Amino acid sequence: MVNLTIDGKSVSVPKDTTILEAARQVDVHIPTLCWLEKVSTTGACRICAVEIEGVDRPMTACNTPVKEGINVTTQSEKLTRTRKQIMELILVNHPLDCPVCDAGGECDLQDTCYELGVVRQEFKADDVNPETINHWPLIQQVPNRCILCEKCVKVCHELIGADALFVNDKGDRAFIDKKVENCTYCGNCVSVCPTGTMISKPFKFRARPWALKKVPSVCTYCPSQCQIDLNVKDNEVYRVTSDDEGTTNTGNLCVGGFFGYSYINNKNRLIQPVVEQQPASWDKAFERVVADIERVKAESGAAAIAGFGSPRLTNEENYLFQKLFRAAIGSNNIDTEARFGAQRALRALDKGLGLHGASNSLTSIGNADVVLVFGADPTAEAPGVDWKIQDAVRRNGGKLVIANMRQIHLTQFADSQLTYKPGSAISLANGLGRLLLDRGLLDEDDLKRTVSNLDELKADLAAVDLEKVIAATGLSRESIEQAADIIGQADKVAVIFGADICKSGFGTSKSAVIANLAILSGALRSDGGLFPLDEKGNTQGVLDMGVYPEDLPGFQSYAENKDKFAKAWNCTLPEGGLDADGILQEIEAGKVRFLYLSATNPQSFPNSSRWLKALEKVEVLVVQDIFPSDITQLATVVLPGSSYAEKSGSFTSLDQTVRSFNQAIRPVGQSREDGEIFAELYGRLSKTSVTFSQADTYAEISELTSLYNTASILDDERNTCLRKPYQVADQSLQYQLITVDCGVEGLQLLTGTSSGHFGTTSTWAAAPLEVEPEGLVQVSTEDAKQAGVVDGDKLKMTSVNGSTVGKVLISESVPQGLIFAPHNFIALGVQQLMLDGENMTSVQIEKV
């Protein structure tokens, strides 16, 4: 530790701490403009100048490291003069347009001028600033307001990894420019700008900061669930901001979090109930839904009724949804789109590890020695995970291994990129396991303590034929060995897997081999982690709440615990229950006559054309959603629900952290909170008075489940509930023997989420659509040549299920033999080409 004195206060800090950081520890304020805690120091503005006894000139506190015994002065007449002169130089040719500048009222430059008493301009110079840059999408750059603090450049490069912004030209002609093709439009440059240089175009001239009310909330676009503030006025969300301090995302947001809010007040929102395609009152809509439920039950039994919950709904709403179906309707035919992805992963993790989600907090990723990303694109599926990975490998000395069918944004930072052939994920995972064994990289003592079938584990690994692995994956032995060495030599390992594993054919088996890798690599120790990703915001929450037939809330077996819940709910619960596949088959067979879709659109399901045909056949279709669609056009009754901004509740992030939030605006038009709709239907069906209360529902969940028993509640704005990290008990792990063959033939079309969109919701937001207005089909140069197409050409893709047409984007990210297309755009229609429950299929392509 280094001891020093600052303004008469003694402080002891670690070596390499800066004077500014030491001063903050003893609450000594030093003015800054260019300093930002989450990036490296620049020392550009010089406002933080301090005096050090024995040093004949002022030193910048932000980048001067402490030394033993130094005596620092932060306030003196000389420093005041120096800082004022520095500020006056910064203000040379700075426009006096504060009344119309969007930063007015939250401008660090204004605040510092006021603090230092800078009231006049003593210096003059020729104005050589470039004209305002207005051609960038979403963001305007006003060079004559810029003080060249470089915060935007550093955030772009160091935190987001986009490397889009840079300082162009030299001297007084220097300005911040952008490689537009690299920009991810995350908006963080706007957030950190201390002046009005970087401006959000969607927010420009719309409101003054002091006129907005900030409501703490949680972004629900992805499972990272960044903590945000909704800036509202006149029942409208005007912008989204996030604080650096007190948030797990340290103020960083992505294009969805920063710019994607406009869908909330989109004029196309559903704002009135509809019955038989005609506007109706809520009372008429409720009467029709209840009457149809009672009629179908009387004629065919409750087994003829089914419903889908949603990861777009809160925990409390999903809990009430499953209770409505099981207790009030008497049907256990309930499921969600998690059936086609996350639920497969959790089934494998539960069987092998006893896990129902991630094993540790996201923070552990940033502290890992090695991060293994397998079959995932964190940048697209969960941007907050991307940032934690970059913390590990770019700032904390960790290494990154990526195993994927295509290159992703994080590939540029990888120490090992294993681009395996489609269908060979299981072979690669088994090959890595075999090499960990052969090269003596397993922790034998830990495995003996924790694994119940260690002999089977070793026998299975010993039987892996590495030559077959090499042939199946298309990788060299050296590349697989290098990756195994990196993983095996690390103490703290984080394993992350996503859609290419969970949503694929044999997704449960593929998830099982990833669970095996977690066992072998030591990722399940308290300082590591295993993290399954799902792109939707509250997938973990919807599974926690038991919105699927096998389990009740809290992952309690339905068959074994239904009597307990029946007693608590004062009802008789039904036997059995259909999952999504069963519901589809029974609709086609005419046995499921009533279907309730809550915040769910089957057009985004695999083999969507089959689902659409089934929905055309179902006798009664109730759709509860916020936007019109082809599905609402088929509906018997449409119930307008609400966005997260219009309700209170809680969501559960991918690391099982629960955060509460409060309603920021009232539901638009006549729309209602989804929980209120479920409560009203529950009351009418059960002939009781039911009022939806978040607090009461949360209390009921806590009473009937052990989900939050070991959690600690933080005293923060969102009542954050942190679950304890997973602890491996003796003999609690089971290595799973997987023998399936997932080989594929021919050109493969892979679907997944775009890095610029989140589900289909963001396609109703103007800003993300400005950057990515339509889904493009990514094709390798070789496959494009064979098909005779170039960028922008239309390409017809045909599978055994049908065909669709999309525009071509020739990309170096996809190898020959693989095409990638985003499933976010219903109009692109790639989901109709997929087989049931799969995310990849063989296709033939031709130019249109």
# chains A, B, ... in the order shown; residues from 1 in each chain; ligands from 1
$ select_by_dssp --residues "region 109-329 of chain A" --states "strand (DSSP E)" --output "count of residues only"
41
$ residues_around --residues "Gly330 (chain A)" --least-positions-apart "3" --cutoff "12 Å" --atoms "only C-alpha atoms" --output "number ranges by chain"
A: 293-294, 296-298, 301-307, 322-327, 333-334, 566, 569, 571-577, 682, 685-686
$ residues_around --residues "region 783-796 of chain A" --least-positions-apart "6" --cutoff "12 Å" --atoms "only C-alpha atoms" --output "PyMOL selection string"
chain A and resi 746-749+774-777+802-812+814-819+821+828-830+833+843-848
$ residues_around --residues "Leu437 (chain A)" --least-positions-apart "4" --cutoff "8 Å" --atoms "only C-alpha atoms" --output "compact mmCIF listing (two decimals) with N, CA, C and O atoms, in the first residue's frame"
# COMPACT_ATOMS: atom_id res chain seq x y z
N GLY A 433 -12.91 -32.90 -24.63
CA GLY A 433 -12.86 -33.68 -23.40
C GLY A 433 -11.78 -34.74 -23.45
O GLY A 433 -11.05 -34.95 -22.46
N LEU A 441 -4.89 -32.71 -18.09
CA LEU A 441 -5.39 -31.39 -17.70
C LEU A 441 -6.65 -31.45 -16.83
O LEU A 441 -7.25 -30.42 -16.56
N LEU A 442 -7.02 -32.65 -16.40
CA LEU A 442 -8.18 -32.79 -15.52
C LEU A 442 -7.76 -32.70 -14.06
O LEU A 442 -6.68 -33.16 -13.68
N LYS A 458 -14.40 -41.57 -17.66
CA LYS A 458 -13.08 -41.84 -18.25
C LYS A 458 -13.20 -42.83 -19.41
O LYS A 458 -12.52 -42.68 -20.43
N LEU A 461 -14.61 -40.94 -22.46
CA LEU A 461 -13.61 -40.07 -23.09
C LEU A 461 -12.54 -40.89 -23.81
O LEU A 461 -12.10 -40.52 -24.91
$ atom_distance --atom1 "CA of Gly69 (chain A)" --atom2 "CA of Thr5 (chain A)"
7.1 Å
$ atom_distance --atom1 "CA of Arg395 (chain A)" --atom2 "CA of Cys186 (chain A)"
20.3 Å
$ residues_around --residues "region 528-539 of chain A" --least-positions-apart "6" --cutoff "6 Å" --atoms "only C-alpha atoms" --output "PDB file with C-alpha atoms, in the first residue's frame"
ATOM      1  CA  THR A 220     -36.312  -6.536 -21.178  1.00  0.00           C
ATOM      2  CA  TYR A 221     -34.999  -6.921 -24.710  1.00  0.00           C
ATOM      3  CA  CYS A 222     -32.439  -9.594 -23.754  1.00  0.00           C
ATOM      4  CA  PRO A 223     -31.631 -11.756 -20.702  1.00  0.00           C
ATOM      5  CA  PRO A 311     -40.765 -14.473 -21.773  1.00  0.00           C
ATOM      6  CA  ALA A 358     -26.644 -20.258 -14.859  1.00  0.00           C
ATOM      7  CA  SER A 359     -24.321 -21.368 -12.056  1.00  0.00           C
ATOM      8  CA  ASN A 360     -22.897 -17.962 -11.146  1.00  0.00           C
ATOM      9  CA  GLU A 381     -28.105 -12.949 -27.859  1.00  0.00           C
ATOM     10  CA  LYS A 492     -11.192 -19.935 -13.471  1.00  0.00           C
ATOM     11  CA  VAL A 493     -13.237 -21.027 -16.482  1.00  0.00           C
ATOM     12  CA  ALA A 494     -16.526 -19.593 -17.750  1.00  0.00           C
ATOM     13  CA  VAL A 495     -18.478 -21.675 -20.284  1.00  0.00           C
ATOM     14  CA  ILE A 496     -21.158 -19.916 -22.336  1.00  0.00           C
ATOM     15  CA  PHE A 497     -23.439 -21.627 -24.834  1.00  0.00           C
ATOM     16  CA  GLY A 498     -26.402 -20.371 -26.792  1.00  0.00           C
ATOM     17  CA  PHE A 651     -37.884 -10.078 -14.307  1.00  0.00           C
ATOM     18  CA  THR A 652     -35.208 -12.732 -13.842  1.00  0.00           C
TER      19      THR A 652
END
$ residues_around --residues "Gly366 (chain A)" --least-positions-apart "5" --cutoff "6 Å" --atoms "only C-alpha atoms" --output "MDAnalysis selection string"
chainID A and resid 388:389 391:392
$ atom_distance --atom1 "CA of Lys591 (chain A)" --atom2 "CA of Ser331 (chain A)"
13.3 Å
$ residues_around --residues "Glu703 (chain A)" --least-positions-apart "3" --cutoff "12 Å" --atoms "only C-alpha atoms" --output "PyMOL selection string"
chain A and resi 553-554+564-565+568+696-700+706-709
$ select_by_dssp --residues "region 121-307 of chain A" --states "helix (DSSP H, G or I)" --output "PyMOL selection string"
chain A and resi 143-145+151-160+171-173+180-182+188-192+209-211+255-265+282-300+302-304
$ closest_atom_pairs --of "region 213-323 of chain A" --to "region 136-144 of chain A" --cutoff "12 Å" --atoms "only C-alpha atoms" --output "CSV"
residue,atom,partner,partner_atom,distance
A:Val255,CA,A:Leu138,CA,9.9
A:Phe258,CA,A:Leu138,CA,10.7
A:Phe259,CA,A:Leu138,CA,8.3
A:Gly260,CA,A:Leu138,CA,11.1
$ closest_residue --among "A:Leu737, A:Ala827, A:Leu372, A:Ala499" --to "Ala459 (chain A)" --atoms "only C-alpha atoms"
A:Leu737
